[in-house]
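So this block is run-v4.tsv, TSV, C-alpha atoms:
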chain	number	residue	atom	x	y	z
A	1	MET	CA	46.60	136.91	-37.28
A	2	THR	CA	49.05	136.48	-40.15
A	3	CYS	CA	48.15	135.27	-43.63
A	4	ALA	CA	50.14	132.05	-43.06
A	5	GLU	CA	48.18	131.30	-39.90
A	6	THR	CA	44.93	132.08	-41.72
A	7	ARG	CA	45.76	129.71	-44.56
A	8	ASN	CA	46.49	126.95	-42.12
A	9	LEU	CA	43.13	127.50	-40.42
A	10	MET	CA	41.37	127.56	-43.79
A	11	LEU	CA	42.34	123.96	-44.40
A	12	GLU	CA	39.99	122.66	-41.72
A	13	ALA	CA	37.36	125.40	-41.41
A	14	ASP	CA	33.66	125.08	-42.13
A	15	ALA	CA	32.52	126.42	-45.49
A	16	ALA	CA	30.49	129.19	-43.81
A	17	GLU	CA	33.62	130.46	-42.09
A	18	LEU	CA	35.48	130.48	-45.39
A	19	THR	CA	32.94	132.94	-46.73
A	20	GLY	CA	33.80	135.34	-43.93
A	21	LEU	CA	30.68	134.72	-41.86
A	22	GLY	CA	30.84	134.62	-38.07
A	23	ALA	CA	32.92	136.20	-35.38
A	24	SER	CA	35.97	133.94	-35.54
A	25	THR	CA	39.44	135.36	-36.07
A	26	LEU	CA	39.61	133.50	-39.39
A	27	ALA	CA	36.41	135.12	-40.65
A	28	ALA	CA	37.60	138.52	-39.44
A	29	HIS	CA	40.89	138.17	-41.31
A	30	LEU	CA	39.13	137.07	-44.48
A	31	ARG	CA	36.95	140.16	-44.39
A	32	GLU	CA	40.08	142.32	-44.30
A	33	CYS	CA	42.59	140.47	-46.53
A	34	ALA	CA	41.79	140.26	-50.24
A	35	ASP	CA	44.46	137.64	-51.02
A	36	CYS	CA	43.28	135.23	-48.34
A	37	ARG	CA	39.67	135.94	-49.28
A	38	ALA	CA	40.42	134.95	-52.89
A	39	MET	CA	42.00	131.70	-51.72
A	40	ALA	CA	39.05	130.93	-49.48
A	41	ALA	CA	36.66	131.71	-52.35
A	42	HIS	CA	38.54	129.24	-54.55
A	43	LEU	CA	38.08	126.50	-51.94
A	44	VAL	CA	34.40	127.29	-51.51
A	45	GLU	CA	33.88	127.32	-55.27
A	46	ALA	CA	35.59	123.94	-55.67
A	47	GLN	CA	33.42	122.39	-52.99
A	48	ARG	CA	30.24	123.90	-54.43
A	49	THR	CA	31.10	122.65	-57.89
A	50	LEU	CA	31.67	119.13	-56.63
A	51	ALA	CA	28.50	119.18	-54.54
A	52	ALA	CA	26.40	120.53	-57.40
A	53	THR	CA	27.73	117.90	-59.77
A	54	LEU	CA	27.00	115.09	-57.36
A	55	THR	CA	23.52	116.45	-56.74
A	56	ALA	CA	22.91	116.59	-60.48
A	57	ALA	CA	24.09	113.02	-61.07
A	58	ALA	CA	21.11	110.98	-62.18
A	59	PRO	CA	20.84	107.21	-62.53
A	60	HIS	CA	20.00	105.61	-65.87
A	61	GLY	CA	18.18	102.69	-64.27
A	62	THR	CA	14.55	103.01	-63.29
A	63	VAL	CA	12.63	102.25	-60.13
A	64	ASP	CA	10.33	100.02	-62.19
A	65	SER	CA	13.14	97.60	-62.98
A	66	ALA	CA	13.99	97.38	-59.26
A	67	LEU	CA	10.32	96.82	-58.44
A	68	ARG	CA	10.15	93.98	-60.97
A	69	ARG	CA	13.23	92.41	-59.42
A	70	ALA	CA	11.87	92.85	-55.92
A	71	SER	CA	8.52	91.27	-56.79
A	72	ARG	CA	10.34	88.28	-58.33
A	73	GLY	CA	12.28	87.97	-55.11
A	74	GLY	CA	9.59	85.84	-53.47
A	75	TYR	CA	10.14	83.10	-56.01
A	76	ARG	CA	13.86	83.51	-55.76
A	77	ARG	CA	13.88	83.11	-51.99
A	78	TRP	CA	11.67	80.00	-52.37
A	79	ALA	CA	14.09	78.71	-54.98
A	80	TRP	CA	17.01	79.17	-52.61
A	81	ARG	CA	15.23	77.14	-49.95
A	82	VAL	CA	14.66	74.15	-52.25
A	83	ALA	CA	18.00	74.51	-54.00
A	84	PRO	CA	19.88	72.16	-51.62
A	85	LEU	CA	17.27	69.45	-52.11
A	86	ALA	CA	17.33	69.88	-55.86
A	87	ALA	CA	21.13	69.75	-55.89
A	88	ALA	CA	21.08	66.57	-53.79
A	89	ALA	CA	18.59	65.01	-56.19
A	90	VAL	CA	20.75	65.86	-59.20
A	91	VAL	CA	23.86	64.42	-57.55
A	92	ALA	CA	21.97	61.23	-56.63
A	93	ALA	CA	20.66	60.89	-60.17
A	94	LEU	CA	24.16	61.30	-61.60
A	95	LEU	CA	25.61	58.74	-59.24
A	96	VAL	CA	22.90	56.18	-59.99
A	97	GLY	CA	23.02	56.96	-63.69
A	98	ARG	CA	26.77	56.41	-63.85
A	99	ARG	CA	26.52	52.92	-62.33
A	100	PRO	CA	25.97	50.43	-65.09
A	101	PRO	CA	23.46	47.79	-64.03
A	102	VAL	CA	25.01	44.37	-63.82
A	103	ASP	CA	22.11	42.77	-65.55
A	104	ARG	CA	20.01	44.90	-67.80
A	105	VAL	CA	17.73	43.29	-70.31
A	106	SER	CA	15.74	44.64	-73.17
A	107	PRO	CA	12.06	45.13	-72.57
A	108	SER	CA	10.11	42.06	-73.49
A	109	ALA	CA	6.77	40.36	-72.94
A	110	TYR	CA	8.28	38.28	-70.13
A	111	HIS	CA	11.68	37.50	-68.78
A	112	ARG	CA	13.39	34.77	-66.90
A	113	PHE	CA	15.63	36.09	-64.17
A	114	ARG	CA	17.59	33.87	-61.77
A	115	GLY	CA	15.24	31.04	-62.49
A	116	VAL	CA	12.12	33.12	-62.00
A	117	ILE	CA	9.79	34.08	-64.83
A	118	VAL	CA	8.60	37.63	-64.54
A	119	GLU	CA	5.51	38.28	-66.61
A	120	PRO	CA	4.12	41.79	-66.96
A	121	PRO	CA	0.40	42.56	-66.92
A	122	ARG	CA	-1.41	42.22	-70.21
A	123	GLY	CA	-0.36	44.88	-72.74
A	124	ARG	CA	2.74	45.94	-70.86
A	125	SER	CA	6.44	45.08	-71.00
A	126	VAL	CA	8.97	44.38	-68.31
A	127	ALA	CA	12.57	45.46	-67.73
A	128	ILE	CA	14.73	43.99	-64.98
A	129	MET	CA	17.76	45.79	-63.61
A	130	GLN	CA	20.26	44.53	-61.08
A	131	ALA	CA	21.79	47.25	-58.93
A	132	ASP	CA	25.37	47.14	-57.61
A	133	ASN	CA	23.96	45.83	-54.39
A	134	PRO	CA	23.17	42.15	-55.13
A	135	ASN	CA	20.15	42.30	-52.84
A	136	ILE	CA	18.46	44.95	-54.98
A	137	VAL	CA	16.71	44.18	-58.24
A	138	VAL	CA	14.50	46.69	-59.99
A	139	ILE	CA	11.60	45.24	-61.91
A	140	TRP	CA	9.93	47.85	-64.13
A	141	PHE	CA	6.61	47.25	-65.80
A	142	PHE	CA	5.83	49.84	-68.43
B	143	MET	CA	17.40	123.29	-46.64
B	144	SER	CA	19.74	120.45	-47.63
B	145	THR	CA	18.58	117.83	-50.11
B	146	ILE	CA	18.70	115.24	-47.34
B	147	LYS	CA	16.44	117.14	-44.96
B	148	ARG	CA	14.10	117.76	-47.86
B	149	LEU	CA	14.00	114.05	-48.63
B	150	ASP	CA	13.25	113.24	-44.98
B	151	ASP	CA	10.32	115.66	-45.11
B	152	GLU	CA	9.06	114.40	-48.46
B	153	VAL	CA	8.90	110.76	-47.42
B	154	ALA	CA	7.64	111.28	-43.86
B	155	ASP	CA	4.03	110.47	-44.80
B	156	LEU	CA	4.92	107.83	-47.37
B	157	ILE	CA	6.82	105.58	-44.94
B	158	PRO	CA	3.94	104.57	-42.63
B	159	ALA	CA	1.61	104.16	-45.61
B	160	ALA	CA	4.14	101.93	-47.36
B	161	GLN	CA	4.73	99.94	-44.18
B	162	ARG	CA	0.98	99.28	-43.97
B	163	GLY	CA	1.19	97.72	-47.43
B	164	GLY	CA	0.26	100.64	-49.65
B	165	THR	CA	1.88	99.85	-52.98
B	166	ALA	CA	1.40	103.34	-54.40
B	167	ALA	CA	3.09	104.87	-51.34
B	168	ARG	CA	5.89	102.32	-51.51
B	169	ASP	CA	6.55	102.93	-55.20
B	170	GLU	CA	6.53	106.69	-54.70
B	171	LEU	CA	8.90	106.32	-51.75
B	172	LEU	CA	11.34	104.37	-53.89
B	173	ARG	CA	11.10	106.95	-56.66
B	174	ARG	CA	11.89	109.77	-54.24
B	175	CYS	CA	14.89	107.89	-52.82
B	176	HIS	CA	16.38	106.63	-56.08
B	177	ARG	CA	18.47	109.67	-56.99
B	178	THR	CA	19.86	110.06	-53.48
B	179	ILE	CA	20.78	106.40	-53.27
B	180	TYR	CA	22.52	106.66	-56.64
B	181	ARG	CA	24.48	109.73	-55.54
B	182	TRP	CA	25.66	107.98	-52.39
B	183	ALA	CA	26.56	104.89	-54.38
B	184	LEU	CA	28.56	107.04	-56.77
B	185	VAL	CA	30.58	108.48	-53.89
B	186	LEU	CA	31.11	105.05	-52.36
B	187	THR	CA	32.06	103.22	-55.54
B	188	GLY	CA	33.36	106.00	-57.79
B	189	ASP	CA	32.02	104.14	-60.80
B	190	ARG	CA	28.76	104.97	-62.51
B	191	ASP	CA	28.01	101.43	-63.71
B	192	GLU	CA	28.70	100.02	-60.29
B	193	ALA	CA	26.64	102.80	-58.73
B	194	GLU	CA	23.72	101.81	-60.97
B	195	ASP	CA	23.99	98.22	-59.73
B	196	VAL	CA	24.21	99.35	-56.12
B	197	ALA	CA	21.21	101.66	-56.54
B	198	GLN	CA	19.07	98.91	-58.05
B	199	GLU	CA	20.01	96.43	-55.35
B	200	ALA	CA	19.48	99.01	-52.61
B	201	LEU	CA	15.99	99.79	-53.92
B	202	VAL	CA	15.17	96.09	-53.81
B	203	ARG	CA	16.39	95.98	-50.22
B	204	VAL	CA	14.33	99.03	-49.25
B	205	TYR	CA	11.31	97.30	-50.79
B	206	ARG	CA	11.92	94.14	-48.77
B	207	HIS	CA	13.13	95.61	-45.48
B	208	LEU	CA	11.12	98.79	-45.08
B	209	SER	CA	9.12	97.14	-42.31
B	210	GLY	CA	12.39	97.01	-40.34
B	211	PHE	CA	12.64	100.80	-40.21
B	212	SER	CA	11.47	101.69	-36.70
B	213	GLY	CA	11.63	105.47	-36.97
B	214	ARG	CA	14.10	105.85	-34.09
B	215	ALA	CA	16.68	107.41	-36.41
B	216	ARG	CA	16.11	109.65	-39.42
B	217	PHE	CA	14.95	107.73	-42.46
B	218	THR	CA	17.93	108.97	-44.45
B	219	THR	CA	20.27	107.61	-41.77
B	220	TRP	CA	18.67	104.17	-42.17
B	221	LEU	CA	18.74	104.55	-45.95
B	222	TYR	CA	22.41	105.48	-45.99
B	223	ARG	CA	23.35	102.45	-43.90
B	224	LEU	CA	21.40	100.21	-46.24
B	225	THR	CA	23.02	101.76	-49.32
B	226	ARG	CA	26.47	101.53	-47.80
B	227	ASN	CA	26.04	97.88	-46.87
B	228	THR	CA	24.81	97.17	-50.38
B	229	ALA	CA	27.80	98.96	-51.91
B	230	LEU	CA	30.25	97.12	-49.69
B	231	GLY	CA	28.63	93.83	-50.61
B	232	LEU	CA	28.82	94.49	-54.33
B	233	ARG	CA	32.14	96.25	-54.52
B	234	ARG	CA	34.51	94.70	-56.94
B	235	GLN	CA	37.83	94.06	-55.27
B	236	VAL	CA	39.93	94.40	-58.39
B	237	MET	CA	39.07	98.00	-59.18
B	238	SER	CA	42.13	100.22	-58.95
B	239	ARG	CA	41.99	103.77	-57.66
B	240	LEU	CA	43.24	105.09	-60.98
B	241	ARG	CA	40.36	103.46	-62.82
B	242	LEU	CA	37.92	104.78	-60.25
B	243	ALA	CA	39.11	108.33	-60.72
B	244	ARG	CA	39.08	108.11	-64.51
B	245	ARG	CA	35.57	106.71	-64.76
B	246	PHE	CA	34.10	109.01	-62.16
B	247	GLY	CA	35.84	111.97	-63.76
B	248	GLU	CA	34.32	111.12	-67.15
B	249	HIS	CA	30.93	110.90	-65.57
B	250	VAL	CA	30.97	114.14	-63.67
B	251	VAL	CA	32.53	116.12	-66.49
B	252	ALA	CA	29.83	114.78	-68.76
B	253	THR	CA	27.11	116.27	-66.53
B	254	PRO	CA	28.01	119.88	-65.75
B	255	PRO	CA	25.77	121.17	-62.99
B	256	VAL	CA	25.17	124.71	-64.18
B	257	PRO	CA	24.97	125.75	-67.81
B	258	GLU	CA	27.44	128.59	-68.39
B	259	GLU	CA	27.04	131.12	-71.14
B	260	ASP	CA	30.63	132.30	-70.97
B	261	PRO	CA	32.93	129.69	-72.65
B	262	VAL	CA	35.95	130.77	-70.59
B	263	ALA	CA	34.04	130.40	-67.35
B	264	ARG	CA	32.75	127.02	-68.54
B	265	VAL	CA	36.27	125.78	-69.28
B	266	GLN	CA	37.52	127.04	-65.91
B	267	ARG	CA	34.63	125.38	-64.15
B	268	THR	CA	35.25	122.12	-65.99
B	269	ASP	CA	38.94	122.22	-65.11
B	270	LEU	CA	38.15	122.92	-61.49
B	271	LEU	CA	35.55	120.17	-61.42
B	272	GLU	CA	37.91	117.65	-62.96
B	273	ARG	CA	40.63	118.57	-60.50
B	274	VAL	CA	38.46	118.57	-57.39
B	275	THR	CA	36.83	115.30	-58.48
B	276	THR	CA	40.19	113.62	-58.89
B	277	LEU	CA	41.38	114.89	-55.52
B	278	PHE	CA	38.10	113.85	-53.92
B	279	LEU	CA	38.45	110.32	-55.26
B	280	GLU	CA	42.03	110.11	-54.12
B	281	LEU	CA	40.86	110.45	-50.54
B	282	PRO	CA	40.59	107.21	-48.58
B	283	VAL	CA	37.03	105.89	-48.81
B	284	ARG	CA	36.24	106.62	-45.17
B	285	GLN	CA	37.42	110.23	-45.42
B	286	ARG	CA	35.60	110.65	-48.71
B	287	GLU	CA	32.26	109.53	-47.38
B	288	VAL	CA	32.57	111.54	-44.15
B	289	PHE	CA	33.50	114.66	-46.14
B	290	HIS	CA	30.59	114.11	-48.50
B	291	LEU	CA	28.05	113.43	-45.76
B	292	ALA	CA	29.13	116.37	-43.61
B	293	ASP	CA	30.03	119.10	-46.05
B	294	MET	CA	27.72	118.29	-48.94
B	295	GLU	CA	24.77	116.38	-47.52
B	296	GLY	CA	24.56	118.33	-44.27
B	297	PHE	CA	24.56	115.46	-41.77
B	298	THR	CA	25.83	116.21	-38.27
B	299	ALA	CA	28.83	114.40	-36.78
B	300	ALA	CA	26.48	112.46	-34.48
B	301	GLU	CA	24.34	111.32	-37.41
B	302	ILE	CA	27.36	110.30	-39.45
B	303	GLY	CA	28.67	108.44	-36.44
B	304	GLU	CA	25.44	106.48	-36.31
B	305	GLN	CA	25.59	105.71	-40.03
B	306	LEU	CA	29.18	104.56	-40.00
B	307	GLY	CA	29.37	103.06	-36.54
B	308	MET	CA	31.93	105.45	-35.08
B	309	LYS	CA	32.10	108.14	-32.40
B	310	PRO	CA	31.40	111.76	-33.39
B	311	VAL	CA	34.92	112.74	-32.38
B	312	THR	CA	36.28	110.18	-34.85
B	313	VAL	CA	33.96	111.54	-37.52
B	314	ARG	CA	35.35	115.02	-36.98
B	315	ALA	CA	38.91	113.71	-37.14
B	316	HIS	CA	38.18	112.09	-40.53
B	317	LEU	CA	36.43	115.24	-41.71
B	318	PHE	CA	39.34	117.53	-40.81
B	319	ARG	CA	41.82	115.16	-42.41
B	320	ALA	CA	39.76	115.04	-45.60
B	321	ARG	CA	39.33	118.82	-45.76
B	322	ARG	CA	43.02	119.38	-45.11
B	323	ALA	CA	44.13	116.89	-47.78
B	324	LEU	CA	41.74	118.21	-50.40
B	325	ARG	CA	42.19	121.92	-49.74
B	326	ALA	CA	45.96	121.82	-49.37
B	327	ARG	CA	46.26	120.28	-52.84
B	328	LEU	CA	43.79	122.77	-54.31
B	329	LEU	CA	45.70	125.73	-52.90
B	330	GLU	CA	49.03	124.24	-53.91
B	331	GLU	CA	47.89	123.82	-57.51
B	332	ARG	CA	46.33	127.28	-57.60
B	333	GLN	CA	49.66	128.86	-56.65
B	334	THR	CA	51.66	126.98	-59.30
For the structure just supplied, provide its representation as structure tokens.
Amino acid sequence: MTCAETRNLMLEADAAELTGLGASTLAAHLRECADCRAMAAHLVEAQRTLAATLTAAAPHGTVDSALRRASRGGYRRWAWRVAPLAAAAVVAALLVGRRPPVDRVSPSAYHRFRGVIVEPPRGRSVAIMQADNPNIVVIWFF
Amino acid sequence: MSTIKRLDDEVADLIPAAQRGGTAARDELLRRCHRTIYRWALVLTGDRDEAEDVAQEALVRVYRHLSGFSGRARFTTWLYRLTRNTALGLRRQVMSRLRLARRFGEHVVATPPVPEEDPVARVQRTDLLERVTTLFLELPVRQREVFHLADMEGFTAAEIGEQLGMKPVTVRAHLFRARRALRARLLEERQT
């Protein structure tokens, strides 16, 4: 086997073969040829260096912070389930809040509304609000 | 013994205990897995900050989904799939390959694996590390992770195929392509 053929085989060989181990023709050539052996050693060294560096890489974060997040997850999942309802409630409140009542009066001891006197219970006031829908009137004792 | 096989052995007793609800076993399991998850995340993302995020999220997912591990495959196979899915979910689309290489290079150069007494040897090792890291990160992601799993973590082609959802023959094709690309550049630069 020529050195050129060996170098082509080296590009895809297993690391063990690059160290000259085994009975393959590549390994046999590496045991005999110093130049090719030096090239193979360079490849093995590069791979070892990269592997060692990756193995040594350590995270800064801790498991405890992940555990805290995970234990909060129960509440978070519950929150996600009620989130659509909460969002719908907020939207409804905004829509209602943006509609000015047609007839809003200041709180008072009693109020006449469309010919009807509305009198709150003793010690309380009354507010009357007409919604956009003419069939809906809100009477609030407070 | 590879670090992965060692991890499989270390957590073998912790998994059933954690699945039965043992909090001490579960916490210890997560501690044993953390570094490995981070290393995988680093290979997948190429960015140490992003790898931290992936590792944290993956630990949370292990915590929540450990009951789903049936034991049919190796635990590390299940763990790798979980980490990979987490990384894919969190990956930022805007990150360029150049930025990946730069950040990862800074990280790995900042943590030399073996303390060298000889300054010349240390410089040579740092140069080699920087070069091989850059070349490694220039590989397409699929080739990079196959190369890492096979040649550094010690997984077989069949196991990698299970992790990545591909046939062993395809795994080997990716592996040979990765080795060829990386080694050809290393030899080319050594000769110049």
At a cut-off of 12 Å, using all atoms listed in the file, what residues contact Arg216 (chain B)? Leave out same-chain residues fewer than 2 positions from it and give the result as an mmCIF file with C-alpha atoms, keeping the file's coordinate frame.
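What follows is the written file selection-v1.cif:
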data_model
loop_
_atom_site.group_PDB
_atom_site.id
_atom_site.type_symbol
_atom_site.label_atom_id
_atom_site.label_comp_id
_atom_site.auth_asym_id
_atom_site.auth_seq_id
_atom_site.Cartn_x
_atom_site.Cartn_y
_atom_site.Cartn_z
ATOM 1 C CA ILE B 146 18.700 115.240 -47.340
ATOM 2 C CA LYS B 147 16.440 117.140 -44.960
ATOM 3 C CA ARG B 148 14.100 117.760 -47.860
ATOM 4 C CA LEU B 149 14.000 114.050 -48.630
ATOM 5 C CA ASP B 150 13.250 113.240 -44.980
ATOM 6 C CA ASP B 151 10.320 115.660 -45.110
ATOM 7 C CA VAL B 153 8.900 110.760 -47.420
ATOM 8 C CA ALA B 154 7.640 111.280 -43.860
ATOM 9 C CA ILE B 157 6.820 105.580 -44.940
ATOM 10 C CA PHE B 211 12.640 100.800 -40.210
ATOM 11 C CA SER B 212 11.470 101.690 -36.700
ATOM 12 C CA GLY B 213 11.630 105.470 -36.970
ATOM 13 C CA ARG B 214 14.100 105.850 -34.090
ATOM 14 C CA THR B 218 17.930 108.970 -44.450
ATOM 15 C CA THR B 219 20.270 107.610 -41.770
ATOM 16 C CA TRP B 220 18.670 104.170 -42.170
ATOM 17 C CA LEU B 221 18.740 104.550 -45.950
ATOM 18 C CA TYR B 222 22.410 105.480 -45.990
ATOM 19 C CA ARG B 223 23.350 102.450 -43.900
ATOM 20 C CA PHE B 297 24.560 115.460 -41.770
ATOM 21 C CA THR B 298 25.830 116.210 -38.270
ATOM 22 C CA ALA B 300 26.480 112.460 -34.480
ATOM 23 C CA GLU B 301 24.340 111.320 -37.410
ATOM 24 C CA ILE B 302 27.360 110.300 -39.450
ATOM 25 C CA GLU B 304 25.440 106.480 -36.310
ATOM 26 C CA GLN B 305 25.590 105.710 -40.030
#
Return as an MDAnalysis selection string the residues belonging to chain A that are within 6 Å of chain B, counting only C-alpha atoms. chainID A and resid 11:12 51:53 56 58 66 70
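Our summary of the geometry notes that CA of Ala27 (chain A) is positioned 27.7 Å from CA of Leu54 (chain A).
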Neighbours of point (36.1, 129.9, -39.3) within 12 Å, using all atoms listed in the file, written as a VMD selection string: chain A and resid 6 to 31 40
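Taking CA of Ala159 (chain B) as the reference point, CA of Leu208 (chain B) is found at 10.9 Å.
Interatomic distance, CA of Leu156 (chain B) to CA of Ala229 (chain B): 25.0 Å.
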